[in-house]
file target-v5.txt (compact mmCIF, C-alpha atoms)
# COMPACT_ATOMS: atom_id res chain seq x y z
CA MET A 1 16.30 7.19 -12.61
CA SER A 2 15.16 5.49 -9.43
CA ILE A 3 13.59 2.05 -9.90
CA THR A 4 10.36 2.15 -7.90
CA GLN A 5 8.61 -1.06 -8.84
CA ILE A 6 9.20 -4.34 -10.62
CA GLY A 7 6.03 -5.98 -11.79
CA LYS A 8 2.45 -4.75 -11.67
CA HIS A 9 -0.74 -6.60 -10.91
CA CYS A 10 -2.79 -7.15 -14.07
CA HIS A 11 -6.36 -6.11 -13.24
CA ASP A 12 -7.81 -6.64 -16.70
CA ARG A 13 -6.82 -7.54 -20.23
CA CYS A 14 -4.90 -4.47 -21.37
CA ALA A 15 -3.46 -3.49 -24.76
CA ILE A 16 -0.21 -5.33 -23.99
CA PHE A 17 -2.11 -8.58 -23.43
CA ARG A 18 -4.06 -8.13 -26.64
CA GLN A 19 -0.85 -7.58 -28.61
CA THR A 20 1.28 -10.30 -27.02
CA GLY A 21 -1.33 -12.82 -25.87
CA ASP A 22 0.36 -12.96 -22.49
CA CYS A 23 -0.01 -11.12 -19.19
CA ILE A 24 3.61 -10.02 -18.84
CA MET A 25 3.38 -6.92 -16.64
CA PRO A 26 3.43 -8.78 -13.28
CA ARG A 27 6.82 -10.33 -14.06
CA MET A 28 8.44 -8.06 -16.66
CA GLY A 29 7.27 -4.51 -15.98
CA LEU A 30 10.01 -2.15 -14.82
CA PHE A 31 8.91 1.20 -13.38
CA ALA A 32 11.21 4.10 -12.59
CA ARG A 33 10.93 7.67 -11.34
CA VAL A 34 12.88 10.22 -13.38
CA LEU A 35 15.18 12.18 -11.08
CA ALA A 36 16.85 14.34 -13.75
CA GLY A 37 15.56 15.10 -17.22
CA GLY A 38 17.29 14.15 -20.44
CA ALA A 39 17.29 11.73 -23.36
CA VAL A 40 17.97 7.99 -23.19
CA ALA A 41 19.09 5.98 -26.20
CA VAL A 42 20.01 2.36 -26.91
CA GLY A 43 23.66 1.83 -26.04
CA ASP A 44 23.82 4.50 -23.35
CA PRO A 45 25.86 3.29 -20.35
CA VAL A 46 23.94 2.38 -17.19
CA GLU A 47 25.50 3.02 -13.81
CA ILE A 48 23.93 1.68 -10.62
CA GLU A 49 24.47 4.26 -7.88
CA GLU A 50 22.69 2.42 -5.09
CA THR A 51 21.14 -1.02 -4.77
CA VAL A 52 18.31 -1.51 -2.30
CA PRO A 53 17.45 -5.22 -1.87
CA ARG A 54 13.82 -5.97 -2.63
CA SER A 55 13.69 -7.74 0.73
CA ALA A 56 14.53 -4.46 2.46
CA PHE A 57 11.90 -2.51 4.37
CA GLN A 58 12.17 0.87 2.65
CA THR A 59 10.99 3.46 5.14
CA VAL A 60 10.79 7.24 5.07
CA VAL A 61 11.00 8.91 8.49
CA LEU A 62 9.43 12.35 8.12
CA THR A 63 9.72 14.87 10.98
CA LEU A 64 6.92 17.42 10.73
CA SER A 65 8.36 20.49 12.41
CA ASP A 66 8.61 24.09 11.27
CA ARG A 67 11.61 24.75 13.52
CA CYS A 68 13.50 21.62 12.47
CA ALA A 69 12.79 22.28 8.79
CA ALA A 70 14.15 25.84 9.21
CA GLY A 71 17.25 24.60 11.00
CA LEU A 72 16.35 26.34 14.25
CA THR A 73 16.11 23.12 16.26
CA GLN A 74 18.00 19.87 15.91
CA ASP A 75 15.81 16.89 15.17
CA THR A 76 16.70 14.03 17.52
CA ALA A 77 13.46 12.03 17.36
CA GLY A 78 13.66 11.32 13.61
CA PRO A 79 17.21 9.88 13.69
CA ALA A 80 16.31 7.87 16.82
CA VAL A 81 13.29 6.36 15.04
CA SER A 82 15.46 5.53 12.00
CA ALA A 83 18.06 3.86 14.21
CA LEU A 84 15.42 1.78 16.02
CA LEU A 85 13.92 0.60 12.72
CA ARG A 86 17.31 -0.45 11.34
CA GLU A 87 18.18 -2.18 14.61
CA SER A 88 14.87 -4.03 15.01
CA LEU A 89 13.95 -4.89 11.43
CA PRO A 90 16.87 -6.43 9.51
CA ARG A 91 17.51 -5.05 6.02
CA THR A 92 15.63 -1.83 6.79
CA SER A 93 16.59 1.13 4.61
CA THR A 94 15.54 4.49 6.09
CA ALA A 95 15.55 8.01 4.69
CA PRO A 96 15.05 10.56 7.52
CA LYS A 97 14.04 14.08 6.54
CA SER A 98 12.26 17.14 7.96
CA CYS A 99 9.55 19.31 6.45
CA PRO A 100 7.31 22.19 7.62
CA THR A 101 3.93 21.31 9.10
CA ASN A 102 2.07 23.27 6.41
CA ALA A 103 -0.48 24.14 9.11
CA ALA A 104 -1.37 27.49 7.55
CA ALA A 105 -2.33 25.84 4.27
CA GLY A 106 -4.80 23.57 6.04
CA ARG A 107 -3.70 20.41 4.21
CA ALA A 108 -1.13 17.64 4.51
CA PRO A 109 2.52 18.50 3.73
CA THR A 110 3.61 17.67 0.20
CA PRO A 111 5.72 14.57 1.10
CA LEU A 112 2.62 13.01 2.68
CA ARG A 113 0.33 13.86 -0.24
CA ARG A 114 2.58 12.24 -2.83
CA ARG A 115 1.74 8.63 -3.69
CA PRO A 116 4.31 6.69 -1.63
CA GLN A 117 6.71 4.24 -3.28
CA HIS A 118 8.12 2.74 -0.08
CA ARG A 119 7.03 0.11 2.44
CA SER A 120 6.29 2.53 5.25
CA LEU A 121 6.34 6.16 6.29
CA VAL A 122 6.72 7.28 9.90
CA ALA A 123 5.55 10.84 10.61
CA VAL A 124 7.33 12.20 13.67
CA GLY A 125 5.92 15.04 15.77
CA GLY A 126 2.80 17.18 15.65
CA THR A 127 0.54 14.68 17.45
CA GLY A 128 -0.44 16.91 20.40
CA LEU A 129 -3.05 19.63 20.97
CA SER A 130 -1.29 22.83 19.90
CA PRO A 131 -2.72 24.72 16.89
CA ARG A 132 0.24 23.67 14.73
CA ASP A 133 -0.02 19.98 15.66
CA ILE A 134 -1.68 18.84 12.46
CA THR A 135 -0.04 15.44 11.88
CA PRO A 136 -3.19 13.41 12.73
CA GLU A 137 -5.25 15.46 10.28
CA ALA A 138 -2.52 15.16 7.64
CA VAL A 139 -2.32 11.38 8.03
CA ARG A 140 -6.10 10.94 7.99
CA ASP A 141 -6.21 13.05 4.84
CA VAL A 142 -4.03 10.60 2.88
CA ILE A 143 -4.67 7.12 4.28
CA GLU A 144 -7.23 4.82 2.68
CA ARG A 145 -7.67 2.35 5.57
CA PRO A 146 -7.04 3.22 9.24
CA THR A 147 -5.12 0.88 11.55
CA PRO A 148 -6.43 1.86 15.01
CA GLY A 149 -4.78 -1.12 16.70
CA PHE A 150 -1.36 0.47 16.24
CA ASP A 151 -2.57 3.75 17.73
CA GLU A 152 -4.17 2.02 20.72
CA ALA A 153 -1.04 -0.05 21.39
CA MET A 154 1.24 3.00 21.27
CA ARG A 155 -0.93 5.05 23.61
CA ALA A 156 -1.29 2.11 26.02
CA ALA A 157 2.49 1.71 26.15
CA SER A 158 2.99 5.40 26.89
CA LEU A 159 0.22 5.46 29.51
CA ALA A 160 2.23 2.98 31.53
CA HIS A 161 4.81 5.75 31.98
CA THR A 162 2.79 8.97 31.97
CA LYS A 163 -0.87 9.96 32.12
CA LEU A 164 -0.14 12.72 29.60
CA ALA A 165 -0.02 10.02 26.92
CA MET A 166 -3.80 10.31 26.66
CA LEU A 167 -3.26 13.71 25.02
CA SER A 168 -1.67 12.08 21.99
CA ARG A 169 -3.81 12.18 18.84
CA ALA A 170 -1.44 10.03 16.78
CA CYS A 171 -3.10 7.94 14.08
CA SER A 172 -1.98 5.52 11.40
CA GLY A 173 -3.24 3.68 8.36
CA VAL A 174 -2.54 2.19 4.96
CA ARG A 175 -2.31 3.95 1.62
CA GLY A 176 -1.94 1.59 -1.29
CA GLN A 177 0.78 -0.83 -0.19
CA THR A 178 2.37 1.60 2.28
CA LEU A 179 1.90 1.62 6.04
CA ILE A 180 1.82 5.17 7.45
CA LEU A 181 2.48 5.65 11.17
CA SER A 182 2.72 8.71 13.39
CA VAL A 183 4.63 9.09 16.65
CA PRO A 184 5.28 12.02 19.05
CA GLY A 185 8.07 14.51 18.43
CA SER A 186 9.81 13.81 21.74
CA GLU A 187 12.70 11.39 21.21
CA PRO A 188 11.91 9.17 24.25
CA ALA A 189 8.19 9.10 23.44
CA ALA A 190 8.78 8.42 19.73
CA VAL A 191 11.05 5.47 20.48
CA GLU A 192 8.73 4.19 23.20
CA ASN A 193 5.70 4.31 20.90
CA LEU A 194 7.43 2.67 17.97
CA ARG A 195 8.97 -0.05 20.10
CA ALA A 196 5.47 -1.04 21.27
CA ILE A 197 4.30 -1.94 17.76
CA LEU A 198 7.48 -3.29 16.18
CA PRO A 199 6.53 -6.95 16.81
CA ALA A 200 3.55 -6.53 14.46
CA CYS A 201 5.24 -4.37 11.84
CA ARG A 202 6.74 -7.18 9.78
CA THR A 203 3.34 -8.88 9.43
CA ALA A 204 1.73 -5.54 8.62
CA TYR A 205 4.27 -4.85 5.86
CA ALA A 206 3.67 -8.28 4.35
CA SER A 207 -0.11 -7.84 4.51
CA CYS A 208 0.07 -4.50 2.68
CA VAL A 209 1.70 -6.10 -0.36
CA ALA A 210 -1.11 -7.68 -2.33
CA ILE A 211 0.96 -9.94 -4.61
CA PRO A 212 4.60 -11.11 -4.70
CA ARG A 213 6.64 -9.62 -7.51
CA THR A 214 9.22 -11.47 -9.51
CA ALA A 215 11.84 -9.77 -11.61
CA GLY A 216 13.63 -10.79 -14.74
CA GLU A 217 17.19 -9.87 -15.64
CA PHE A 218 17.75 -6.16 -16.19
CA ARG A 219 18.54 -5.67 -19.86
CA PRO A 220 19.51 -2.07 -20.78
CA ASP A 221 19.59 -3.09 -24.45
CA ARG A 222 15.86 -3.81 -24.29
CA LEU A 223 14.84 -0.33 -23.13
CA GLY A 224 13.50 0.68 -26.54
CA ALA A 225 14.74 3.18 -29.07
CA ARG A 226 14.86 6.60 -27.49
CA CYS A 227 12.83 8.49 -24.94
CA ALA A 228 12.82 11.95 -23.41
CA ALA A 229 12.13 12.26 -19.70
CA THR A 230 11.37 15.10 -17.35
CA PRO A 231 12.10 15.17 -13.60
CA GLY A 232 9.30 13.69 -11.50
CA SER A 233 7.76 11.68 -14.34
CA THR A 234 7.39 7.92 -14.35
CA VAL A 235 8.58 5.64 -17.10
CA CYS A 236 7.86 1.98 -17.72
CA HIS A 237 9.74 -0.52 -19.82
CA LEU A 238 9.51 -4.26 -20.29
CA ILE A 239 12.40 -6.55 -19.44
CA ASP A 240 13.01 -10.25 -19.80

call {"tool": "encode", "arguments": {"input": "target-v5.txt", "output": "structure tokens"}}
result
Amino acid sequence: MSITQIGKHCHDRCAIFRQTGDCIMPRMGLFARVLAGGAVAVGDPVEIEETVPRSAFQTVVLTLSDRCAAGLTQDTAGPAVSALLRESLPRTSTAPKSCPTNAAAGRAPTPLRRRPQHRSLVAVGGTGLSPRDITPEAVRDVIERPTPGFDEAMRAASLAHTKLAMLSRACSGVRGQTLILSVPGSEPAAVENLRAILPACRTAYASCVAIPRTAGEFRPDRLGARCAATPGSTVCHLID
């Protein structure tokens, strides 16, 4: 399992509150995504494979390119963006990956359509005018609130170097508590665009998180009796 969230904002008086008389989800709710199916029972050993500090900026760098996804072209922009994020924002954890543009389907690629569980997602490539450059449409399809200031700042920074920057259709916005950005597929342009907005990224990340979350001690012995899980599902337990 991958722990995705500790604590959840209590919007109304739910069944847990009525049973316990206390709003415990914000401080004791433990949410996890099931990565591999199976059964879990009290007493089963728990092994922590990777620890990501809650203070870390968890970012997915997603290169939208048919050729890179097929292994026909080496992606240099995605790794460069990941390196810049780790260098500029301490405690940043990045997960670079490539996927097809999904242009023929006429909708956003699957990784963009999934409800994000990380602080930010940077979509690399596909911001130009060619028929397969569908990143702006894909981003607009999933965001809930646009952040045009980021787009304006990135284009202004590029315009200082080349007039072709005005051809960029890159857009960005917020979905839930996740900031979604898009940058060009050229390594120099991607780095140049991202570097222009980095000074505001930390404040943007903090603003996206509605409430601070506090965690109790992880107690495997309090995970209940037994549960069956299937890959991709989400499970929630209470801890104290």

call {"tool": "atom_distance", "arguments": {"input": "target-v5.txt", "atom1": "atom CA of A:Ser182", "atom2": "atom CA of A:Ser168"}}
result
10.2 Å

call {"tool": "closest_residue", "arguments": {"input": "target-v5.txt", "among": "A:Pro45, A:Gln177, A:Pro184, A:Gly7", "to": "A:Ser207", "atoms": "all atoms listed in the file"}}
result
A:Gln177

call {"tool": "atom_distance", "arguments": {"input": "target-v5.txt", "atom1": "atom CA of A:Ser88", "atom2": "atom CA of A:Arg145"}}
result
25.3 Å

call {"tool": "atom_distance", "arguments": {"input": "target-v5.txt", "atom1": "atom CA of A:Ala69", "atom2": "atom CA of A:Pro188"}}
result
20.3 Å

call {"tool": "residues_around", "arguments": {"input": "target-v5.txt", "residues": "stretch 135-142 of chain A", "least_positions_apart": "6", "cutoff": "6 Å", "atoms": "all atoms listed in the file", "output": "number ranges by chain"}}
result
A: 108, 126-127, 170-171

call {"tool": "closest_residue", "arguments": {"input": "target-v5.txt", "among": "A:Leu121, A:Ala41, A:Ala80, A:Ala70", "to": "A:Pro100", "atoms": "all atoms listed in the file"}}
result
A:Ala70

call {"tool": "closest_residue", "arguments": {"input": "target-v5.txt", "among": "A:Asp22, A:Asp66, A:Asp151, A:Glu144", "to": "A:Cys208", "atoms": "only C-alpha atoms"}}
result
A:Glu144

call {"tool": "closest_residue", "arguments": {"input": "target-v5.txt", "among": "A:Ala156, A:Met1, A:Val174, A:Ala190", "to": "A:Asp75", "atoms": "all atoms listed in the file"}}
result
A:Ala190

call {"tool": "closest_residue", "arguments": {"input": "target-v5.txt", "among": "A:Arg18, A:Arg195, A:Arg119, A:Arg33", "to": "A:Gly176", "atoms": "all atoms listed in the file"}}
result
A:Arg119

call {"tool": "residues_around", "arguments": {"input": "target-v5.txt", "residues": "A:Leu181", "least_positions_apart": "2", "cutoff": "8 Å", "atoms": "all atoms listed in the file", "output": "list in words"}}
result
Ser120, Leu121, Val122, Ala123, Cys171, Ser172, Gly173, Leu179 and Val183 of chain A

call {"tool": "closest_residue", "arguments": {"input": "target-v5.txt", "among": "A:Ala36, A:Leu167, A:Ala83, A:Leu89", "to": "A:Val191", "atoms": "all atoms listed in the file"}}
result
A:Ala83

call {"tool": "build_atoms", "arguments": {"input": "target-v5.txt", "residues": "stretch 170-181 of chain A", "atoms": "all heavy atoms", "output": "CSV table (one decimal), in the coordinates of the input"}}
result
chain,number,residue,atom,x,y,z
A,170,ALA,N,-2.1,10.7,17.9
A,170,ALA,CA,-1.4,10.0,16.8
A,170,ALA,C,-2.4,9.0,16.1
A,170,ALA,O,-3.2,8.4,16.8
A,170,ALA,CB,-0.2,9.3,17.3
A,171,CYS,N,-2.3,8.9,14.8
A,171,CYS,CA,-3.1,7.9,14.1
A,171,CYS,C,-2.3,7.3,13.0
A,171,CYS,O,-1.2,7.8,12.6
A,171,CYS,CB,-4.4,8.6,13.5
A,171,CYS,SG,-4.1,9.8,12.3
A,172,SER,N,-2.7,6.2,12.4
A,172,SER,CA,-2.0,5.5,11.4
A,172,SER,C,-2.9,4.9,10.4
A,172,SER,O,-4.2,4.9,10.6
A,172,SER,CB,-1.1,4.5,12.1
A,172,SER,OG,-1.9,3.5,12.8
A,173,GLY,N,-2.4,4.3,9.3
A,173,GLY,CA,-3.2,3.7,8.4
A,173,GLY,C,-2.5,3.2,7.2
A,173,GLY,O,-1.2,3.3,7.1
A,174,VAL,N,-3.2,2.7,6.2
A,174,VAL,CA,-2.5,2.2,5.0
A,174,VAL,C,-3.0,3.0,3.8
A,174,VAL,O,-4.2,3.4,3.6
A,174,VAL,CB,-3.0,0.7,4.8
A,174,VAL,CG1,-2.4,0.2,3.5
A,174,VAL,CG2,-2.5,-0.1,5.9
A,175,ARG,N,-2.0,3.3,2.9
A,175,ARG,CA,-2.3,4.0,1.6
A,175,ARG,C,-1.7,3.1,0.5
A,175,ARG,O,-0.4,3.0,0.5
A,175,ARG,CB,-1.8,5.4,1.6
A,175,ARG,CG,-2.1,6.1,0.2
A,175,ARG,CD,-1.6,7.5,0.2
A,175,ARG,NE,-2.0,8.1,-1.0
A,175,ARG,CZ,-1.6,9.3,-1.4
A,175,ARG,NH1,-0.8,10.0,-0.7
A,175,ARG,NH2,-2.1,9.9,-2.5
A,176,GLY,N,-2.5,2.5,-0.3
A,176,GLY,CA,-1.9,1.6,-1.3
A,176,GLY,C,-1.3,0.4,-0.6
A,176,GLY,O,-1.9,-0.3,0.1
A,177,GLN,N,0.0,0.2,-0.8
A,177,GLN,CA,0.8,-0.8,-0.2
A,177,GLN,C,1.7,-0.3,0.9
A,177,GLN,O,2.7,-0.9,1.2
A,177,GLN,CB,1.6,-1.6,-1.2
A,177,GLN,CG,0.6,-2.3,-2.2
A,177,GLN,CD,1.4,-3.2,-3.2
A,177,GLN,OE1,2.6,-3.0,-3.4
A,177,GLN,NE2,0.7,-4.1,-3.9
A,178,THR,N,1.5,0.9,1.3
A,178,THR,CA,2.4,1.6,2.3
A,178,THR,C,1.7,1.8,3.6
A,178,THR,O,0.6,2.3,3.7
A,178,THR,CB,2.8,3.0,1.7
A,178,THR,OG1,3.5,2.8,0.5
A,178,THR,CG2,3.7,3.7,2.7
A,179,LEU,N,2.4,1.4,4.7
A,179,LEU,CA,1.9,1.6,6.0
A,179,LEU,C,2.4,3.0,6.5
A,179,LEU,O,3.6,3.3,6.5
A,179,LEU,CB,2.4,0.5,7.0
A,179,LEU,CG,2.1,0.6,8.5
A,179,LEU,CD1,0.6,0.5,8.7
A,179,LEU,CD2,2.8,-0.4,9.3
A,180,ILE,N,1.5,3.8,7.0
A,180,ILE,CA,1.8,5.2,7.4
A,180,ILE,C,1.5,5.2,9.0
A,180,ILE,O,0.4,5.0,9.4
A,180,ILE,CB,1.0,6.3,6.7
A,180,ILE,CG1,1.3,6.2,5.2
A,180,ILE,CG2,1.3,7.6,7.3
A,180,ILE,CD1,0.5,7.2,4.4
A,181,LEU,N,2.6,5.6,9.7
A,181,LEU,CA,2.5,5.6,11.2
A,181,LEU,C,2.8,7.1,11.6
A,181,LEU,O,3.4,7.8,10.9
A,181,LEU,CB,3.5,4.7,11.8
A,181,LEU,CG,3.4,3.2,11.4
A,181,LEU,CD1,4.7,2.5,12.0
A,181,LEU,CD2,2.2,2.6,12.0
